[in-house]
Amino acid sequence: MANQNSEELETINVGIFGHIDHGKTTLLKQLSGRWTDTHSEELKRGITIKLGYADATIYKDGEEYNIEKRGTLIRHVSFIDSPGHEMLMATTLSGATLIDAAILVIAANEGIKPQTREHLMTLQAKKVEQIIVVQNKIDLVDKEKAKESYKKIKEFLGEKYSSVKIIPVSAQQRVNISEVLKAITEFKIPERKINAEPIFVIARSFDINKPGTEPKNLNGAVLGGALKQGTLKVGDKVEIRPGRVVTENNIKKLVPIKTKILGLFKGSKKVSELTPGGSMSIETSLDMSLGKSDHLAGNILSHEGKLPENSQKVKLKFKLFPEVFGTSSQIKVDPITRKELLMLSINTSITGGTVGEINKDEILVDLKVPVILFRGDNVGIARKVLGHWRLIGFGEIL
């Protein structure tokens, strides 16, 4: 490892989850060296609204782990900061689609809150099995309260997550940050299917041009997300599905988009080729207006002609949680019924659908907006409870 070249190290995608105000963004600043909240509304309100991204490289110096380039280079990490606010569960589900492992932040002075429970269920719904818990804000409690908080976290994690590491931390005071970095280096990097057809899930899309840019200097629409498998290269002809809405003869329909890759970025570094792992973006030859305001988020990109056709129905083998976890009161999850409206999180897209057939633990859902389906993927299932969409279970695409 001592001789490992920086270019040879694989990157792991790590999501940061937890209840609002439990210190996720401050923790991420200590783990990566930068803030991710750059959306103007986020700066005003002090919360994460959209997915935030930050890259870091972890070094080991003796027994200490750091991001200050001291010692031996150990691992590259791409962090994704998910919103903790209850109204932003759809964004959180999208964030869970992009990651290989997760950090769940729980403040020692406040304990387990409704969104803490809902975020743990989100990770289960999206098949994220590598998790560590950061017991944050230990500087705000005494020793006995810290021990009591630790015990409650163990009980909360239960048997399914009994082996999850719990690390007491003060992000504000930089206490035990080295231990969190060490735990991140112990996450296993999943097997990357580099030789398969590429599947790039789009979580963000942008127009990066500044007002007043001369036409000859304009950049095409930029797509941000994660490459789940395969390889993409500059110059590749690609297709984006389900596509964009067009109106023909007063009828709206989705049309796949074909474009060319003009530039590739891993974090902020320009590269000629993308392989899975890390936060990444693609500059396309598309008109920049198509990328504005996350207009293409929820789509999938691959080589031309390699993606499945758009699907208007999805068959799921599902499992419901015993209760709704995002509310302050205990609400039992009732069985799914025919003709019920559900919200499904598929890849990075959120789509509503009506339940058609039910057969024991399988349902067929008629989707309002077509999606791209991959057999075996996990899907988050939400229902409207007390006026808000709440996660009630998950399903596997059949």
# chains A, B, ... in the order shown; residues from 1 in each chain; ligands from 1

$ closest_atom_pairs --of "segment 132-225 of chain A" --to "segment 371-375 of chain A" --cutoff "12 Å" --atoms "only C-alpha atoms" --output "Markdown table"
| residue | atom | partner | partner_atom | distance |
| --- | --- | --- | --- | --- |
| A:Ile199 | CA | A:Phe374 | CA | 10.2 |
| A:Phe200 | CA | A:Ile372 | CA | 11.8 |
| A:Val201 | CA | A:Ile372 | CA | 10.4 |

$ residues_around --residues "segment 175-186 of chain A" --least-positions-apart "3" --cutoff "8 Å" --atoms "only C-alpha atoms" --output "PDB file with N, CA and C atoms, in the first residue's frame"
ATOM      1  N   GLN A  30     -15.389  18.311   8.117  1.00  0.00           N
ATOM      2  CA  GLN A  30     -14.191  17.780   8.777  1.00  0.00           C
ATOM      3  C   GLN A  30     -13.617  16.573   8.029  1.00  0.00           C
ATOM      4  N   LEU A  31     -14.483  15.803   7.380  1.00  0.00           N
ATOM      5  CA  LEU A  31     -14.021  14.605   6.666  1.00  0.00           C
ATOM      6  C   LEU A  31     -13.472  14.917   5.282  1.00  0.00           C
ATOM      7  N   ILE A  58      -7.890  10.012   1.815  1.00  0.00           N
ATOM      8  CA  ILE A  58      -7.523   9.691   3.198  1.00  0.00           C
ATOM      9  C   ILE A  58      -6.092   9.153   3.241  1.00  0.00           C
ATOM     10  N   GLU A  64      -2.737   7.541  13.037  1.00  0.00           N
ATOM     11  CA  GLU A  64      -3.688   8.616  12.766  1.00  0.00           C
ATOM     12  C   GLU A  64      -4.088   8.645  11.290  1.00  0.00           C
ATOM     13  N   TYR A  65      -5.368   8.901  11.038  1.00  0.00           N
ATOM     14  CA  TYR A  65      -5.886   9.031   9.672  1.00  0.00           C
ATOM     15  C   TYR A  65      -6.237  10.496   9.451  1.00  0.00           C
ATOM     16  N   ASN A  66      -5.903  11.032   8.259  1.00  0.00           N
ATOM     17  CA  ASN A  66      -6.107  12.453   8.019  1.00  0.00           C
ATOM     18  C   ASN A  66      -6.382  12.717   6.538  1.00  0.00           C
ATOM     19  N   ILE A  74      -4.228   6.214   1.389  1.00  0.00           N
ATOM     20  CA  ILE A  74      -4.968   4.964   1.620  1.00  0.00           C
ATOM     21  C   ILE A  74      -6.192   4.815   0.706  1.00  0.00           C
ATOM     22  N   ARG A  75      -7.003   5.883   0.597  1.00  0.00           N
ATOM     23  CA  ARG A  75      -8.275   5.727  -0.135  1.00  0.00           C
ATOM     24  C   ARG A  75      -8.825   7.051  -0.634  1.00  0.00           C
ATOM     25  N   ILE A 132     -21.723   2.844   9.119  1.00  0.00           N
ATOM     26  CA  ILE A 132     -21.194   3.167  10.443  1.00  0.00           C
ATOM     27  C   ILE A 132     -22.077   4.259  11.031  1.00  0.00           C
ATOM     28  N   VAL A 134     -22.161   7.601  13.469  1.00  0.00           N
ATOM     29  CA  VAL A 134     -21.402   8.633  14.176  1.00  0.00           C
ATOM     30  C   VAL A 134     -22.316   9.209  15.263  1.00  0.00           C
ATOM     31  N   ILE A 167     -19.275   5.324  16.569  1.00  0.00           N
ATOM     32  CA  ILE A 167     -18.091   6.118  16.911  1.00  0.00           C
ATOM     33  C   ILE A 167     -18.521   7.427  17.575  1.00  0.00           C
ATOM     34  N   PRO A 168     -18.167   7.638  18.863  1.00  0.00           N
ATOM     35  CA  PRO A 168     -18.465   8.921  19.519  1.00  0.00           C
ATOM     36  C   PRO A 168     -17.606  10.031  18.911  1.00  0.00           C
ATOM     37  N   VAL A 169     -18.227  11.152  18.550  1.00  0.00           N
ATOM     38  CA  VAL A 169     -17.531  12.208  17.796  1.00  0.00           C
ATOM     39  C   VAL A 169     -18.037  13.584  18.238  1.00  0.00           C
ATOM     40  N   SER A 170     -17.164  14.568  18.187  1.00  0.00           N
ATOM     41  CA  SER A 170     -17.596  15.962  18.171  1.00  0.00           C
ATOM     42  C   SER A 170     -17.056  16.565  16.879  1.00  0.00           C
ATOM     43  N   ALA A 171     -17.924  16.692  15.883  1.00  0.00           N
ATOM     44  CA  ALA A 171     -17.491  17.247  14.592  1.00  0.00           C
ATOM     45  C   ALA A 171     -17.024  18.685  14.770  1.00  0.00           C
ATOM     46  N   GLN A 172     -17.728  19.426  15.618  1.00  0.00           N
ATOM     47  CA  GLN A 172     -17.396  20.828  15.845  1.00  0.00           C
ATOM     48  C   GLN A 172     -15.985  20.982  16.440  1.00  0.00           C
TER      49      GLN A 172
END

$ closest_residue --among "A:Leu316, A:Met288, A:Ile346, A:Ile251" --to "Ile358 of chain A" --atoms "only C-alpha atoms"
A:Leu316

$ select_by_dssp --residues "segment 141-335 of chain A" --states "alpha helix (DSSP H)" --output "PyMOL selection string"
chain A and resi 143-157+177-185

$ write_last_selection --atoms "C-alpha atoms" --output "PDB file, in the first residue's frame"
ATOM      1  CA  LYS A 143     -20.239  10.967  30.392  1.00  0.00           C
ATOM      2  CA  GLU A 144     -23.408   9.310  31.749  1.00  0.00           C
ATOM      3  CA  LYS A 145     -25.627  10.882  29.082  1.00  0.00           C
ATOM      4  CA  ALA A 146     -23.138   9.794  26.391  1.00  0.00           C
ATOM      5  CA  LYS A 147     -23.260   6.186  27.670  1.00  0.00           C
ATOM      6  CA  GLU A 148     -27.070   6.258  27.799  1.00  0.00           C
ATOM      7  CA  SER A 149     -27.195   7.651  24.229  1.00  0.00           C
ATOM      8  CA  TYR A 150     -24.788   4.916  23.042  1.00  0.00           C
ATOM      9  CA  LYS A 151     -26.981   2.202  24.618  1.00  0.00           C
ATOM     10  CA  LYS A 152     -30.115   3.591  22.943  1.00  0.00           C
ATOM     11  CA  ILE A 153     -28.357   3.652  19.561  1.00  0.00           C
ATOM     12  CA  LYS A 154     -27.417  -0.048  20.024  1.00  0.00           C
ATOM     13  CA  GLU A 155     -31.059  -0.865  20.797  1.00  0.00           C
ATOM     14  CA  PHE A 156     -32.218   1.177  17.798  1.00  0.00           C
ATOM     15  CA  LEU A 157     -29.859  -0.658  15.415  1.00  0.00           C
ATOM     16  CA  ILE A 177     -12.456  12.428  13.198  1.00  0.00           C
ATOM     17  CA  SER A 178      -9.432  10.146  12.672  1.00  0.00           C
ATOM     18  CA  GLU A 179     -11.525   7.161  13.865  1.00  0.00           C
ATOM     19  CA  VAL A 180     -14.279   7.977  11.348  1.00  0.00           C
ATOM     20  CA  LEU A 181     -11.722   8.236   8.529  1.00  0.00           C
ATOM     21  CA  LYS A 182     -10.247   4.894   9.630  1.00  0.00           C
ATOM     22  CA  ALA A 183     -13.714   3.261   9.545  1.00  0.00           C
ATOM     23  CA  ILE A 184     -14.255   4.625   6.011  1.00  0.00           C
ATOM     24  CA  THR A 185     -11.014   2.964   4.853  1.00  0.00           C
TER      25      THR A 185
END

$ select_by_dssp --residues "segment 158-360 of chain A" --states "strand (DSSP E or B)" --output "PyMOL selection string"
chain A and resi 165-168+170+175+199-206+222-229+232-233+237-248+251-266+269-271+273-274+280-284+300-303+311-320+323-324+331-332+341-346+349-359

$ write_last_selection --atoms "C-alpha atoms" --output "mmCIF file, in the first residue's frame"
data_model
loop_
_atom_site.group_PDB
_atom_site.id
_atom_site.type_symbol
_atom_site.label_atom_id
_atom_site.label_comp_id
_atom_site.auth_asym_id
_atom_site.auth_seq_id
_atom_site.Cartn_x
_atom_site.Cartn_y
_atom_site.Cartn_z
ATOM 1 C CA LYS A 165 -19.606 0.378 14.469
ATOM 2 C CA ILE A 166 -20.710 3.343 16.638
ATOM 3 C CA ILE A 167 -18.091 6.118 16.911
ATOM 4 C CA PRO A 168 -18.465 8.921 19.519
ATOM 5 C CA SER A 170 -17.596 15.962 18.171
ATOM 6 C CA VAL A 175 -12.840 14.864 18.259
ATOM 7 C CA ILE A 199 -25.284 2.426 -16.691
ATOM 8 C CA PHE A 200 -24.981 6.044 -15.566
ATOM 9 C CA VAL A 201 -27.744 7.187 -13.177
ATOM 10 C CA ILE A 202 -28.389 10.918 -13.450
ATOM 11 C CA ALA A 203 -28.974 12.693 -10.125
ATOM 12 C CA ARG A 204 -28.363 16.317 -11.224
ATOM 13 C CA SER A 205 -28.235 18.269 -14.489
ATOM 14 C CA PHE A 206 -26.860 21.753 -15.049
ATOM 15 C CA VAL A 222 -23.797 18.766 -17.873
ATOM 16 C CA LEU A 223 -25.079 15.625 -16.119
ATOM 17 C CA GLY A 224 -24.044 14.663 -12.577
ATOM 18 C CA GLY A 225 -24.486 11.231 -11.022
ATOM 19 C CA ALA A 226 -22.847 7.840 -10.685
ATOM 20 C CA LEU A 227 -21.633 5.184 -13.103
ATOM 21 C CA LYS A 228 -22.984 1.906 -11.713
ATOM 22 C CA GLN A 229 -21.125 -0.287 -14.217
ATOM 23 C CA LEU A 232 -17.631 5.809 -20.684
ATOM 24 C CA LYS A 233 -15.174 7.694 -22.902
ATOM 25 C CA LYS A 237 -22.410 8.382 -28.666
ATOM 26 C CA VAL A 238 -24.929 7.928 -25.859
ATOM 27 C CA GLU A 239 -28.652 7.769 -25.239
ATOM 28 C CA ILE A 240 -30.646 9.130 -22.299
ATOM 29 C CA ARG A 241 -33.864 7.379 -21.227
ATOM 30 C CA PRO A 242 -36.761 7.598 -20.449
ATOM 31 C CA GLY A 243 -35.963 10.940 -22.102
ATOM 32 C CA ARG A 244 -37.712 14.279 -22.246
ATOM 33 C CA VAL A 245 -41.344 15.252 -22.586
ATOM 34 C CA VAL A 246 -42.430 16.511 -26.004
ATOM 35 C CA THR A 247 -45.923 17.446 -27.177
ATOM 36 C CA GLU A 248 -47.172 16.146 -30.505
ATOM 37 C CA ILE A 251 -50.355 14.646 -26.670
ATOM 38 C CA LYS A 252 -47.392 14.559 -24.291
ATOM 39 C CA LYS A 253 -44.911 11.715 -24.641
ATOM 40 C CA LEU A 254 -41.391 10.821 -23.562
ATOM 41 C CA VAL A 255 -38.736 10.716 -26.260
ATOM 42 C CA PRO A 256 -35.209 9.284 -25.688
ATOM 43 C CA ILE A 257 -32.381 11.797 -26.120
ATOM 44 C CA LYS A 258 -29.294 11.042 -28.197
ATOM 45 C CA THR A 259 -26.103 13.001 -27.637
ATOM 46 C CA LYS A 260 -22.308 12.813 -27.618
ATOM 47 C CA ILE A 261 -19.895 12.970 -24.670
ATOM 48 C CA LEU A 262 -17.704 16.077 -24.972
ATOM 49 C CA GLY A 263 -16.070 15.986 -21.543
ATOM 50 C CA LEU A 264 -15.803 13.767 -18.464
ATOM 51 C CA PHE A 265 -15.038 14.794 -14.889
ATOM 52 C CA LYS A 266 -14.260 12.764 -11.757
ATOM 53 C CA LYS A 269 -10.646 16.596 -12.399
ATOM 54 C CA LYS A 270 -11.052 16.307 -16.173
ATOM 55 C CA VAL A 271 -10.527 12.732 -17.442
ATOM 56 C CA GLU A 273 -12.517 7.871 -19.382
ATOM 57 C CA LEU A 274 -14.938 7.093 -16.534
ATOM 58 C CA MET A 280 -18.692 12.349 -11.617
ATOM 59 C CA SER A 281 -20.173 14.519 -14.324
ATOM 60 C CA ILE A 282 -20.557 14.372 -18.086
ATOM 61 C CA GLU A 283 -20.506 17.332 -20.466
ATOM 62 C CA THR A 284 -22.729 16.564 -23.458
ATOM 63 C CA ILE A 300 -30.360 6.788 -17.209
ATOM 64 C CA LEU A 301 -27.509 7.180 -19.718
ATOM 65 C CA SER A 302 -25.791 4.430 -21.717
ATOM 66 C CA HIS A 303 -24.368 3.756 -25.179
ATOM 67 C CA SER A 311 -41.602 0.634 -18.882
ATOM 68 C CA GLN A 312 -45.095 1.770 -17.944
ATOM 69 C CA LYS A 313 -45.562 -1.064 -15.409
ATOM 70 C CA VAL A 314 -43.325 -2.567 -12.725
ATOM 71 C CA LYS A 315 -43.680 -5.894 -10.916
ATOM 72 C CA LEU A 316 -42.204 -5.981 -7.419
ATOM 73 C CA LYS A 317 -41.621 -8.559 -4.730
ATOM 74 C CA PHE A 318 -42.192 -6.317 -1.721
ATOM 75 C CA LYS A 319 -41.722 -6.157 2.035
ATOM 76 C CA LEU A 320 -43.497 -3.638 4.262
ATOM 77 C CA GLU A 323 -44.589 0.963 11.183
ATOM 78 C CA VAL A 324 -44.133 4.354 9.533
ATOM 79 C CA ILE A 331 -48.436 4.513 12.917
ATOM 80 C CA LYS A 332 -48.809 0.925 11.779
ATOM 81 C CA LEU A 341 -51.567 5.298 -5.221
ATOM 82 C CA LEU A 342 -47.936 4.718 -4.215
ATOM 83 C CA MET A 343 -44.725 6.664 -4.810
ATOM 84 C CA LEU A 344 -41.782 4.572 -6.008
ATOM 85 C CA SER A 345 -38.102 5.489 -5.919
ATOM 86 C CA ILE A 346 -36.526 3.715 -8.908
ATOM 87 C CA SER A 349 -36.282 8.829 -10.347
ATOM 88 C CA ILE A 350 -39.427 9.269 -8.289
ATOM 89 C CA THR A 351 -42.671 8.228 -9.936
ATOM 90 C CA GLY A 352 -46.232 7.671 -8.810
ATOM 91 C CA GLY A 353 -48.161 4.556 -9.663
ATOM 92 C CA THR A 354 -51.463 2.791 -9.065
ATOM 93 C CA VAL A 355 -51.503 -0.751 -7.723
ATOM 94 C CA GLY A 356 -53.049 -3.128 -10.244
ATOM 95 C CA GLU A 357 -52.577 -6.740 -9.178
ATOM 96 C CA ILE A 358 -51.616 -8.050 -5.718
ATOM 97 C CA ASN A 359 -50.508 -11.641 -5.175
#

$ residues_around --residues "Glu110 of chain A" --least-positions-apart "3" --cutoff "9 Å" --atoms "only C-alpha atoms" --output "mmCIF file with C-alpha atoms, in the first residue's frame"
data_model
loop_
_atom_site.group_PDB
_atom_site.id
_atom_site.type_symbol
_atom_site.label_atom_id
_atom_site.label_comp_id
_atom_site.auth_asym_id
_atom_site.auth_seq_id
_atom_site.Cartn_x
_atom_site.Cartn_y
_atom_site.Cartn_z
ATOM 1 C CA HIS A 22 -27.598 16.526 13.947
ATOM 2 C CA ILE A 106 -27.082 10.683 15.498
ATOM 3 C CA ALA A 107 -26.615 13.617 17.918
ATOM 4 C CA LYS A 113 -35.470 11.165 15.876
ATOM 5 C CA SER A 149 -27.195 7.651 24.229
#

$ residues_around --residues "Asn209 of chain A" --least-positions-apart "5" --cutoff "12 Å" --atoms "only C-alpha atoms" --output "list in words"
Glu214, Pro215, Lys216, Asn217, Leu218, Asn219, Gly220, Ala221, Val222, Glu283, Asp287, Met288, Ser289, Gly291 and Lys292 of chain A

$ atom_distance --atom1 "atom CA of Tyr59 of chain A" --atom2 "atom CA of Glu10 of chain A"
14.1 Å
